[in-house]
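Asks: First, the structure itself, so that you have it in front of you.
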Amino acid sequence: MTDTPTRTEPADWATDQEVRWCPGCGDYSILTAMRMLMPELEVDREKTVFISGIGCAARFPYYMNTYGMHGIHGRAPAIATGLAMARPDLDIWVIGGDGDMMSIGGNHLIHALRRNVNLKILLFNNMIYGLTKGQFSPTSEVGKVTKSSPMGSLDAPFNPVSVALGAEASFVARTHDMDRQHMMEMFRRAHEHKGASIVEVFQNCNVFNDGAFEEITKKQNRDGNLISLEQGKPIQFGADGEFGVVVENGAAKIVAVADVGEAALLVHDETKADPSTAFMLSRLSRGPFEPTPIGVFRAIERIEYATSSTAQLAMAQNDKGSGDLSTLLRSRGTWQV
Amino acid sequence: MTDTPTRTEPADWATDQEVRWCPGCGDYSILTAMRMLMPELEVDREKTVFISGIGCAARFPYYMNTYGMHGIHGRAPAIATGLAMARPDLDIWVIGGDGDMMSIGGNHLIHALRRNVNLKILLFNNMIYGLTKGQFSPTSEVGKVTKSSPMGSLDAPFNPVSVALGAEASFVARTHDMDRQHMMEMFRRAHEHKGASIVEVFQNCNVFNDGAFEEITKKQNRDGNLISLEQGKPIQFGADGEFGVVVENGAAKIVAVADVGEAALLVHDETKADPSTAFMLSRLSRGPFEPTPIGVFRAIERIEYATSSTAQLAMAQNDKGSGDLSTLLRSRGTWQV
Amino acid sequence: MTDTAPRELPLQELAEVIIRFAGDSGDGMQLTGDQFTSISAALGNDLATLPEFPAEIRAPQGTLAGVSAFQVRISDFAITTPGDAPTVLVAMNPAALKAQLKNLVQGGAIIVNTDAFNERNLEKAGYESNPLEDGTLDGYRSYPVPMSQITRDAVAEHGVKPRDAERSKNFFALGLISWMYTRPIEPTMEFINTKFHGKELVIKANEAAFHAGYNFGETAELFESHYEIKPADLPSGEYTNVNGNTALAWGCAAAGQLARLPIFLGSYPITPASDILHDLSELKHFGIRTFQAEDEIAAVASAVGAAFGGALSFTTTSGPGVALKGEGMGLAVSLELPLIVIDIQRGGPSTGLPTKPEQADLMMAMYGRHSESPMPIIAPRSPADCFNVAIEACRIALRYRTPVMLLSDGYLATSSEPWLLPDIDSLPDIGVDFHTGFNGTNEDGEGIFLPYLRDPETLARPWAIPGTPDLMHRIGGIEKEDGTGNISYDPENHQKMVDLRAAKIEAVDVPDVEVAGDMDADFCMLGWGSTWGAIDAAVERLQQAGKKAAHVHLTHLNPLPKNLEEVLSKFETVICPEMNAGQLVNLIRAKYLLDIKPVNKMNGVPFTTAEIESAALKAMEAS
Amino acid sequence: MTDTAPRELPLQELAEVIIRFAGDSGDGMQLTGDQFTSISAALGNDLATLPEFPAEIRAPQGTLAGVSAFQVRISDFAITTPGDAPTVLVAMNPAALKAQLKNLVQGGAIIVNTDAFNERNLEKAGYESNPLEDGTLDGYRSYPVPMSQITRDAVAEHGVKPRDAERSKNFFALGLISWMYTRPIEPTMEFINTKFHGKELVIKANEAAFHAGYNFGETAELFESHYEIKPADLPSGEYTNVNGNTALAWGCAAAGQLARLPIFLGSYPITPASDILHDLSELKHFGIRTFQAEDEIAAVASAVGAAFGGALSFTTTSGPGVALKGEGMGLAVSLELPLIVIDIQRGGPSTGLPTKPEQADLMMAMYGRHSESPMPIIAPRSPADCFNVAIEACRIALRYRTPVMLLSDGYLATSSEPWLLPDIDSLPDIGVDFHTGFNGTNEDGEGIFLPYLRDPETLARPWAIPGTPDLMHRIGGIEKEDGTGNISYDPENHQKMVDLRAAKIEAVDVPDVEVAGDMDADFCMLGWGSTWGAIDAAVERLQQAGKKAAHVHLTHLNPLPKNLEEVLSKFETVICPEMNAGQLVNLIRAKYLLDIKPVNKMNGVPFTTAEIESAALKAMEAS
Ligand SMILES: Cc1ncc(C[n+]2csc(CCOP(=O)(O)OP(=O)(O)O)c2C)c(N)n1
Ligand SMILES: Cc1ncc(C[n+]2csc(CCOP(=O)(O)OP(=O)(O)O)c2C)c(N)n1
Ligand code: SF4
Ligand code: SF4
Ligand SMILES: [Mg+2]
Ligand SMILES: [Mg+2]
């Protein structure tokens, strides 16, 4: 459709269903960011679909006045892939938690990324299983004490950005629930991207993992611990930009700008064909307790999956004509009796 | 057990079952390499276990005179994780094809890697589904024409080494079925590693994907197209070492040594804590048609999963004493009637 | 604390009381209920409890969705259910009253925290006028108590901030109810001191609130009498109070000891099964390894791997998880390795009603795998029975080298009852020996190991674990030759293996069923799993009404007890109450061609005794 | 080519012949059989074929495991099976003889390539002495032919290298058999020229080999006669030869057109279902999108997603794949979206016998999901019937907005039969309308969309797809309120929804069953799926032997036809042959309490007519 979408207000994107997350949950601010962004994107509500799995995060679709499906645990990227292939005209968002998308759904996620299906995937990473009341997740830190790991968990966590880059993702970004503007910007960028985009959202679960991101996302900690990636700019942070990132010995490293000079800093380029620099940046931080990059790690152009599929259908119709049943039934030879 | 294992011959490691791969299949040479390596490792057959999924590759356990399980499609890493936790004393190898381990089993693979379970995982990558007679696999190149992709596949392939590094693998190597010595060396290194080791083996399926690796693994192509990674050495290849690898602009790049001088070459260090350099190297080649690194990409020490688990059990026993049923049943309070 | 002189109130004796504490999720109702249960247990009452949680983690305060409740029934006689409907409702706020009032028996007592009935709360609960004043409570005995206010006053002297003070109002309620039912004060004082150890202010506040409640009962001229419930005539011995999930976890731990095997649990969290994972994770000193897998498929697969290695292997889940484990269970069937799959059934289909019970996974347990893939199935009947049934499941799995499905449900999982602790020495030895030597010879007369050579009695194959010298062998899911285990595509062999796998399960040694109730009745109720308590109670009521009724309750659902056909055939009418659409009925009808009648209910709420009684009466009339 | 003058041999007329071509996998037996089938079809014979592949991709040459065979039955009357046992065996090497001899009827003919019976090949086949000489073939009519040698000689003049020459020996065999059964030469010449277009040397070699074989028949004094099989009296019209998988794929494509919907297939390769994925992948010009997913779970999930988007959605697999799709199908049940799940059943349990058929997934189709999660089930009876049944499955899925299970099997999948092409205009219109407007009003009288408001006739909910203005709505697997589709934990609503989902499926409009054979018989055979041909043929034999027998064959397995109980009740004895341990029997017994008797077989080989006939006779005697 080429019609201009109707102008909407954030409230138009809200449903009549009561939002049922715990009071104080980070999911609320993500929802607000999304509802506020939507009018700006100038898209139609009926052309927008939210698909999710199961988890607290996965309740998201119920709160957006669009088409939506609350699926089964872990399978949202696969459900959405089918929908995106069948309906390349739709704007499809996939929502899930760190358990939903990195544990049971890890495989569907990485396959959707490598295929570059036109999906905007938001991973609400609270480093915990919220809905099932607080077991460790694949992004929980080693040693995490939970009901299923009373002596501390043994499992080294995934770094979702590294996983995505290892899986050929064409768009990878990270943001957090304490900065609405930044979230909106990342979601907007994901929306602009043609192909699979994944945005990791650091999300506070104030019931089972409160404060998990406080050391980097709290207002007073941001300057020192959030490294904002900005296209074409040297990567620099600190209250006065006193820290920076350089590549040294095949890895990214944090330095004092005073020590190396501004010119030595890595200039961020999300469009590099080779994902290695983006990967390096994903390794800068071992967790949300030390300086951690947010922003767009990678945004490259790569042919989108349904587009290729549509092209093949068109080519086939071009070559063979529109499918004719009568011809098909006779295609392996016939005889008369 | 501290007993010295009995000395064995390669033949001792063969079973009485007829090997049933297609004549000429690359799996044969991998099997030979494994049988020849075993006596050198000085391990006991009864302490050795091969676990596989389903596929041509996955028939491997039937041909090794050890304990073995031919499991279900995709689940070998998960089956083996349970075995490794229950029996940390065993030497466990996991065998599977690119479909088995990167398609249906992709999630179990990356989780086994991040957890660093003590498994030696061999991925026989023939870039095709062999057993089901030739559909494209998650490592097949875009445009691959197969029965399920008559107009060419649309799916961008995984690079298994990149996937493994993105998933926190502590040991990652690559070898190919045309070089027995190199295979044996990689398998030996995988065996020495404490934790999860993954070895991608380029394996020719002469029936459904013949010659997939020829451009790099054929004797006359090796000098020019195989980049052998050797610890502590500058990364160099070509008949006379005329090519080399440097890091430039945050990525690995192939150069003529003459242009940059040998000193500028990247010196390979598989032990770097940061996986970024290894990841760069994994991106050097877009497929087995241009210079491609083989050897150990990464080998770092990281605590092994079952070891941590055993330590917790010991600690718990230390703290609470050996589990006593009578105490347990009374642990939530009792009363007398 | 103000020590007012006790009024002299009449002490009435009661046979039983069913109290439901209801409040906002943050109000501590579970704790209150638990503690009331404990003190009643110590007094020798029989009891049964049933918690009810909101589906949301923390639904908005004061809303219907946020109501948390705890029902406890105490009695001076032996009981088998937490009771159909409460006779006393403690409602801490308007939402609790609104959500729970429909459950209360007509004429029941309502003790209500009037302070919470302000405009905002009334609106949140969806009341248009105040139910305390508009006649909503007509037909009930209502006792309005300004709990928040009195609690605030009582704790003020300890320097607790007014906002924090409110948190103690559940102890006010507990104190009041303790007075009403003449429960002693000391155990709760001890409990407060242990539970809040180190938080002096909290201890003081809760103690004060409790006493205030207790004293309020004695002094306020609101109550006509208080009550006494004599100890029940229970078998003597040492008791504990367990819910089904804990009893199940303990049963698994016990089975490991009884089999002298290390335990491996591969599991993925899911309501209402997660607590078994949690409980077993606490028992590392029992040599129990728990593995929180990436999904249910990895959970069952890892358990199969551990079983191959010689562990007593479990996987725990609920319906959606079982639906994912079908292929893994099929592998275990084909490998003939011991494995226990525990399904805590919940409402479905799909995600369904995660916090509500159902018994609708029986057919999936029987048939949820491709091809002929038989597995024994077993189901506990009460919270404490979970302990025994866990051990029995392990016994069967080990003896026959087979995966076994254990079907519990969300009702058993969370409700609790007093459990007379078993004599540990009397528990069965369920150990089996690993195979360590050759069991055949080749053509040259040399010893060989045949991994599928069967024990002629049990048809079980030898369990030889990695590490055993000389017995190296390979197993897999492709059809295999009987004896050698080598891959075989031979038609006759396949038929033979299909038949053998079926025969092995069919021949599992299952005890005969026993008939409870009236042996000579024409009418019988057949049940399985958690309906036991309600059916048992219904039989008693029928008998009291002068009817004859028998009760046959199955623990073993596959294979069925050998005498079942004969037993059921004797009755003119057999009805089968199930929380599904008639699944056991299907099995019985197909197997014995007996026209037993389904009585089905699928609303997420367990059968009440009254429902079963009325279904029985209807069936008796019709026949 | 040497043109020798034809001998005058008697031409015998035959009613039918069953030929089995058997050789090494590399010997081109499938091609040979296919071509023989084609020319026989063109002659107007009725026919049925059955290929048999080795389980390995390429088992070592010359071994038993490497034998590939193709059975074709041609006749001058209407037939329904490829025949119990071949009357003619063409054996290209010792392994083929060894593997296949046991299938041949006593007194059957063996045409054998003597050149292949060298020591090495004999050893590979496990023969200790040469079966051509040691009396193994006593009791058969054996025709030794040095096929390799003659082929080499015949093609030599075309400059083909001796090693390559051998490759043409299957055309020698085809030529010989074509002579024996007086098939025309030209169609095969045409075939060779089309098939090997551009490879001149190959064309020449194959032509020469074919002629050599044909001429050998005429000239060598080995054969006493040759044969003629007259055209069968088949309904006139245009025929093609299809196997079940292709017919199924075409049926899916047809359904897309009949419903005017784009098709989406989410699939993961698995034997014996992969060919449906392959076939549909070729039909992109039909607007068919195929998606080779990462696993079966993604396959079904993607299909659910596409169905939400308004596609006619399929997922194809075999038993192990269905075992993985349970949770996804449960979601589709709860969402009430149309979806067709196709299961090409194979031998199990677990990986089992991937290339062999079974009918043992029926119970999984009924019950392989947690909770009460009903789905219609439907099964084709013959290769060509797969076309119709695919359309019928789509009709039900679309009309009732429900996932439907279609159960075919490995036998139907690969065997083929002539199919009288349907008149395309006579195919049913199965289109349904997407919902585009409001279907309710809110309290303020404004139009709203109720995604779970049901059609009173079908109980189907409206299918409103994304992109439809104003109808934005959310669906999910948690229990939902009837009408609005909002999440609901209300007990009554849950019961209502469970009941509605069951009622909707139970009320699917299923045609009544018809009784074939003798309507007035006391004895009936009940079947479903691929046993149809063998049962049908057995009925005919019984009738020929003067017995009365009826045959009821089910296409719809859930719900069952409304008249089934009445129909079955009329017979004194009902037996039910199934390639499982008695699954349909279970359903019927449970539902109608009818004592029908199982006749089971699970050896990976379809029932023969003789087996069913003898089971029937036994049952008739017993009754
Ligand atoms: C098949 C299946 N397995 C398990 C569950 C239980 N379950 C629901 S959500 C969830 C994980 C929740 O964690 P996450 O995805 O991180 O989401 P959050 O609640 O933290 O937002 C689990 C294990 C389920 N619903 N279905
Ligand atoms: C659950 C399940 N799905 C599908 C299959 C069919 N299947 C068997 S092996 C295989 C893939 C084979 O490819 P790969 O893993 O690369 O091994 P290869 O044969 O190439 O060595 C598939 C799809 C199966 N056996 N089980
Ligand atoms: S449990 Fe955590 S993630 Fe879930 S709603 Fe509550 S605060 Fe949010
Ligand atoms: S199909 Fe390919 S991978 Fe499989 S055995 Fe044959 S050559 Fe090897
Ligand atoms: Mg989470
Ligand atoms: Mg492969």
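We label chains A, B, ... in the order they appear in the structure tokens, count residues from 1 in each chain, and number ligands from 1 in the order shown.
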Counting only C-alpha atoms, collect the residues of chain D whose closest atom lies at most 6 Å from chain A, and write them out as a list in words.
Replies: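 Selected residues: Ala42, Ser236, Gly237, Glu238, Tyr239, Thr240, Lys284, His285, Phe286, Ala298, Ala301, Ser302, Ala303, Gly305, Ala306, Gly309, Pro466, Gly467, Thr468, Pro469, Met472, His473, Arg474, Ile475 and Gly476 of chain D.
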Asks: May I have the residues within 6 Å of ligand 2, computed using only C-alpha atoms and all ligand atoms, as a ChimeraX atom specification?
Replies: /B:54-57,73,97-100,126,128-132 /D:269-270,320-321
Asks: Select residues of chain B: the criterion is any atom within 9 Å of an atom of chain A, counting only C-alpha atoms; output as a ChimeraX atom specification.
Replies: /B:102-108,110-111,114-116,138,151-152,154-168,247,249-252,266,274-281,283-284,305-306,308-309,312,316
Asks: Using only C-alpha atoms and all ligand atoms, find each protein or nucleic acid residue lying at most 9 Å from ligand 3; present the set as a PDB file with N, CA and C atoms, in the first residue's frame.
Replies:
ATOM      1  N   ARG A  20       0.032  -5.799  33.157  1.00  0.00           N
ATOM      2  CA  ARG A  20       0.126  -6.635  34.354  1.00  0.00           C
ATOM      3  C   ARG A  20       1.544  -6.965  34.810  1.00  0.00           C
ATOM      4  N   TRP A  21       2.501  -6.137  34.440  1.00  0.00           N
ATOM      5  CA  TRP A  21       3.837  -6.399  34.983  1.00  0.00           C
ATOM      6  C   TRP A  21       3.910  -5.912  36.430  1.00  0.00           C
ATOM      7  N   CYS A  22       4.906  -6.370  37.156  1.00  0.00           N
ATOM      8  CA  CYS A  22       5.070  -5.922  38.536  1.00  0.00           C
ATOM      9  C   CYS A  22       5.287  -4.412  38.534  1.00  0.00           C
ATOM     10  N   PRO A  23       4.749  -3.769  39.519  1.00  0.00           N
ATOM     11  CA  PRO A  23       5.017  -2.333  39.624  1.00  0.00           C
ATOM     12  C   PRO A  23       6.530  -2.115  39.668  1.00  0.00           C
ATOM     13  N   GLY A  24       6.995  -1.172  38.868  1.00  0.00           N
ATOM     14  CA  GLY A  24       8.431  -0.877  38.853  1.00  0.00           C
ATOM     15  C   GLY A  24       9.237  -1.652  37.834  1.00  0.00           C
ATOM     16  N   CYS A  25       8.600  -2.572  37.166  1.00  0.00           N
ATOM     17  CA  CYS A  25       9.327  -3.385  36.184  1.00  0.00           C
ATOM     18  C   CYS A  25       9.830  -2.523  35.017  1.00  0.00           C
ATOM     19  N   GLY A  26      11.024  -2.827  34.552  1.00  0.00           N
ATOM     20  CA  GLY A  26      11.596  -2.101  33.415  1.00  0.00           C
ATOM     21  C   GLY A  26      10.789  -2.243  32.138  1.00  0.00           C
ATOM     22  N   ASP A  27       9.985  -3.280  32.066  1.00  0.00           N
ATOM     23  CA  ASP A  27       9.184  -3.485  30.856  1.00  0.00           C
ATOM     24  C   ASP A  27       8.264  -2.285  30.579  1.00  0.00           C
ATOM     25  N   TYR A  28       7.823  -1.622  31.639  1.00  0.00           N
ATOM     26  CA  TYR A  28       6.927  -0.481  31.442  1.00  0.00           C
ATOM     27  C   TYR A  28       7.583   0.598  30.601  1.00  0.00           C
ATOM     28  N   GLY A  55       6.969 -15.473  28.639  1.00  0.00           N
ATOM     29  CA  GLY A  55       7.798 -14.840  29.648  1.00  0.00           C
ATOM     30  C   GLY A  55       7.139 -13.526  30.004  1.00  0.00           C
ATOM     31  N   CYS A  56       7.689 -12.821  30.995  1.00  0.00           N
ATOM     32  CA  CYS A  56       7.106 -11.510  31.313  1.00  0.00           C
ATOM     33  C   CYS A  56       7.197 -10.620  30.083  1.00  0.00           C
ATOM     34  N   ALA A  57       8.394 -10.518  29.497  1.00  0.00           N
ATOM     35  CA  ALA A  57       8.601  -9.684  28.320  1.00  0.00           C
ATOM     36  C   ALA A  57       7.578 -10.026  27.247  1.00  0.00           C
ATOM     37  N   GLY A  97      12.211 -12.464  26.148  1.00  0.00           N
ATOM     38  CA  GLY A  97      13.193 -12.318  27.214  1.00  0.00           C
ATOM     39  C   GLY A  97      14.459 -13.104  26.912  1.00  0.00           C
ATOM     40  N   PHE A 124      14.608  -8.523  25.564  1.00  0.00           N
ATOM     41  CA  PHE A 124      14.546  -7.856  26.870  1.00  0.00           C
ATOM     42  C   PHE A 124      15.411  -8.677  27.824  1.00  0.00           C
ATOM     43  N   ASN A 126      16.913  -9.274  31.130  1.00  0.00           N
ATOM     44  CA  ASN A 126      16.954  -8.937  32.560  1.00  0.00           C
ATOM     45  C   ASN A 126      17.837  -9.912  33.322  1.00  0.00           C
ATOM     46  N   ILE A 128      17.599 -12.948  33.969  1.00  0.00           N
ATOM     47  CA  ILE A 128      16.876 -13.810  34.921  1.00  0.00           C
ATOM     48  C   ILE A 128      15.631 -14.337  34.233  1.00  0.00           C
ATOM     49  N   TYR A 129      15.083 -15.442  34.739  1.00  0.00           N
ATOM     50  CA  TYR A 129      13.754 -15.892  34.343  1.00  0.00           C
ATOM     51  C   TYR A 129      12.763 -15.187  35.253  1.00  0.00           C
ATOM     52  N   GLY A 130      12.016 -14.251  34.695  1.00  0.00           N
ATOM     53  CA  GLY A 130      11.054 -13.534  35.503  1.00  0.00           C
ATOM     54  C   GLY A 130       9.791 -14.345  35.740  1.00  0.00           C
ATOM     55  N   LEU A 131       9.132 -14.737  34.662  1.00  0.00           N
ATOM     56  CA  LEU A 131       7.804 -15.330  34.785  1.00  0.00           C
ATOM     57  C   LEU A 131       7.784 -16.588  35.644  1.00  0.00           C
ATOM     58  N   THR A 132       8.840 -17.385  35.574  1.00  0.00           N
ATOM     59  CA  THR A 132       8.863 -18.611  36.381  1.00  0.00           C
ATOM     60  C   THR A 132       9.469 -18.362  37.754  1.00  0.00           C
ATOM     61  N   LYS A 133       9.589 -17.081  38.113  1.00  0.00           N
ATOM     62  CA  LYS A 133       9.929 -16.670  39.473  1.00  0.00           C
ATOM     63  C   LYS A 133      11.380 -16.874  39.868  1.00  0.00           C
ATOM     64  N   GLY A 134      12.251 -16.513  38.916  1.00  0.00           N
ATOM     65  CA  GLY A 134      13.604 -16.263  39.363  1.00  0.00           C
ATOM     66  C   GLY A 134      14.640 -17.353  39.294  1.00  0.00           C
ATOM     67  N   GLN A 203      17.098  -4.672  30.793  1.00  0.00           N
ATOM     68  CA  GLN A 203      15.803  -4.412  31.410  1.00  0.00           C
ATOM     69  C   GLN A 203      15.829  -4.865  32.853  1.00  0.00           C
ATOM     70  N   ASN A 204      15.467  -3.979  33.718  1.00  0.00           N
ATOM     71  CA  ASN A 204      15.524  -4.312  35.132  1.00  0.00           C
ATOM     72  C   ASN A 204      14.308  -5.125  35.562  1.00  0.00           C
ATOM     73  N   CYS A 205      14.583  -6.272  36.175  1.00  0.00           N
ATOM     74  CA  CYS A 205      13.516  -7.049  36.823  1.00  0.00           C
ATOM     75  C   CYS A 205      13.636  -6.722  38.299  1.00  0.00           C
ATOM     76  N   ASN A 206      12.779  -5.823  38.751  1.00  0.00           N
ATOM     77  CA  ASN A 206      12.968  -5.346  40.124  1.00  0.00           C
ATOM     78  C   ASN A 206      12.546  -6.362  41.161  1.00  0.00           C
ATOM     79  N   VAL A 207      11.928  -7.459  40.734  1.00  0.00           N
ATOM     80  CA  VAL A 207      11.531  -8.456  41.715  1.00  0.00           C
ATOM     81  C   VAL A 207      12.603  -9.535  41.903  1.00  0.00           C
ATOM     82  N   PHE A 208      13.141 -10.018  40.796  1.00  0.00           N
ATOM     83  CA  PHE A 208      14.060 -11.151  40.932  1.00  0.00           C
ATOM     84  C   PHE A 208      15.527 -10.833  40.633  1.00  0.00           C
ATOM     85  N   ASN A 209      15.777  -9.648  40.093  1.00  0.00           N
ATOM     86  CA  ASN A 209      17.178  -9.330  39.773  1.00  0.00           C
ATOM     87  C   ASN A 209      17.369  -7.825  39.814  1.00  0.00           C
ATOM     88  N   ASP A 210      16.861  -7.262  40.905  1.00  0.00           N
ATOM     89  CA  ASP A 210      16.827  -5.788  40.958  1.00  0.00           C
ATOM     90  C   ASP A 210      18.239  -5.216  40.925  1.00  0.00           C
TER      91      ASP A 210
ATOM     92  N   GLU C  56      -0.128 -13.659  37.787  1.00  0.00           N
ATOM     93  CA  GLU C  56       0.957 -12.720  37.535  1.00  0.00           C
ATOM     94  C   GLU C  56       1.989 -12.772  38.648  1.00  0.00           C
ATOM     95  N   ILE C  57       3.214 -12.389  38.308  1.00  0.00           N
ATOM     96  CA  ILE C  57       4.254 -12.336  39.325  1.00  0.00           C
ATOM     97  C   ILE C  57       3.837 -11.370  40.419  1.00  0.00           C
ATOM     98  N   ARG C  58       3.547 -10.144  40.034  1.00  0.00           N
ATOM     99  CA  ARG C  58       3.029  -9.180  40.998  1.00  0.00           C
ATOM    100  C   ARG C  58       1.974  -8.351  40.334  1.00  0.00           C
ATOM    101  N   ALA C  59       0.761  -8.835  40.386  1.00  0.00           N
ATOM    102  CA  ALA C  59      -0.316  -8.079  39.780  1.00  0.00           C
ATOM    103  C   ALA C  59      -0.468  -6.784  40.566  1.00  0.00           C
TER     104      ALA C  59
END
Asks: Using only C-alpha atoms, which protein or nucleic acid residues come within 9 Å of stretch 11-16 of chain D? Drop anything in the same chain fewer than 6 positions from it, and give the result as a list in words.
Replies: Asn45, Arg73, Ile74, Ser75, Asp76, Phe77, Thr182, Ser225, His226, Tyr227, Glu228, Ile229 and Lys230 of chain D
Asks: DSSP on the backbone: what in stretch 82-301 of chain B comes out strand (DSSP E), as a ChimeraX atom specification?
Replies: /B:91-97,120-125,171-176,197-202,226-229,236-237,243-248,251-256,292-299
Asks: Write a file of the just-selected residues containing C-alpha atoms, as a compact mmCIF listing (two decimals), in the first residue's frame.
Replies:
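This is the output file out_19.txt:
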# COMPACT_ATOMS: atom_id res chain seq x y z
CA ASP B 91 36.52 -39.27 27.63
CA ILE B 92 33.56 -38.14 25.55
CA TRP B 93 33.56 -37.37 21.86
CA VAL B 94 30.54 -35.91 20.12
CA ILE B 95 30.15 -36.45 16.39
CA GLY B 96 27.69 -34.84 14.04
CA GLY B 97 27.12 -33.30 10.65
CA LYS B 120 35.36 -33.10 22.20
CA ILE B 121 32.90 -32.05 19.52
CA LEU B 122 33.69 -32.90 15.93
CA LEU B 123 31.53 -31.18 13.37
CA PHE B 124 31.75 -32.99 10.05
CA ASN B 125 30.91 -30.14 7.73
CA PHE B 171 38.67 -24.29 22.12
CA VAL B 172 37.96 -23.92 18.41
CA ALA B 173 39.83 -25.56 15.57
CA ARG B 174 39.38 -26.47 11.95
CA THR B 175 40.82 -29.25 9.83
CA HIS B 176 39.94 -31.21 6.70
CA SER B 197 36.43 -28.24 22.26
CA ILE B 198 34.95 -27.98 18.83
CA VAL B 199 36.73 -29.02 15.67
CA GLU B 200 35.17 -28.23 12.33
CA VAL B 201 36.24 -30.89 9.84
CA PHE B 202 35.74 -30.04 6.18
CA LEU B 226 45.08 -23.17 3.28
CA ILE B 227 46.32 -20.79 5.93
CA SER B 228 47.77 -22.92 8.65
CA LEU B 229 47.54 -21.32 12.07
CA GLN B 236 51.88 -16.91 6.53
CA PHE B 237 50.98 -19.10 3.55
CA PHE B 243 51.30 -14.26 1.65
CA GLY B 244 50.51 -13.31 5.16
CA VAL B 245 47.83 -11.98 7.42
CA VAL B 246 47.80 -8.61 9.10
CA VAL B 247 45.27 -6.82 11.26
CA GLU B 248 44.16 -3.64 9.59
CA ALA B 251 39.87 -6.80 10.72
CA ALA B 252 42.21 -9.48 9.47
CA LYS B 253 43.45 -9.08 5.95
CA ILE B 254 45.60 -11.02 3.53
CA VAL B 255 48.64 -9.24 2.18
CA ALA B 256 51.71 -10.02 0.15
CA THR B 292 40.96 -20.25 4.57
CA PRO B 293 42.59 -20.74 7.94
CA ILE B 294 42.91 -24.18 9.47
CA GLY B 295 44.38 -25.11 12.81
CA VAL B 296 43.58 -23.98 16.33
CA PHE B 297 41.83 -20.62 16.41
CA ARG B 298 41.41 -20.48 20.13
CA ALA B 299 42.51 -22.52 23.12
Asks: Of the candidates D:Ser569, D:Val513, D:Ile297, D:Gly368, which one gets nearest to ligand 1 if we count only C-alpha atoms and all ligand atoms?
Replies: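 Looking at the shortest contact to ligand 1, the residue is D:Ile297.
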Asks: Check the smallest atom-to-atom distance from each of C:Leu324, C:Ala503, C:Ile342, C:Leu450 to chain D using only C-alpha atoms, then report the winner.
Replies: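 Of C:Leu324, C:Ala503, C:Ile342, C:Leu450, the one nearest chain D is C:Leu324, counting only C-alpha atoms.
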Asks: Residues of chain D near chain C: apply a cut-off of 7 Å, count only C-alpha atoms, and supply the list as a PyMOL selection string.
Replies: chain D and resi 319-320+323-324+326-327+330-331+334+347-353+360-361+363-364+367-373+477-479+489+491-492+494-495+586-587+589-590+593+602-604
Asks: Can you work out the spacing between atom CA of D:Leu9 and atom CA of D:Gly107 in Å, to one decimal?
Replies: 21.2 Å
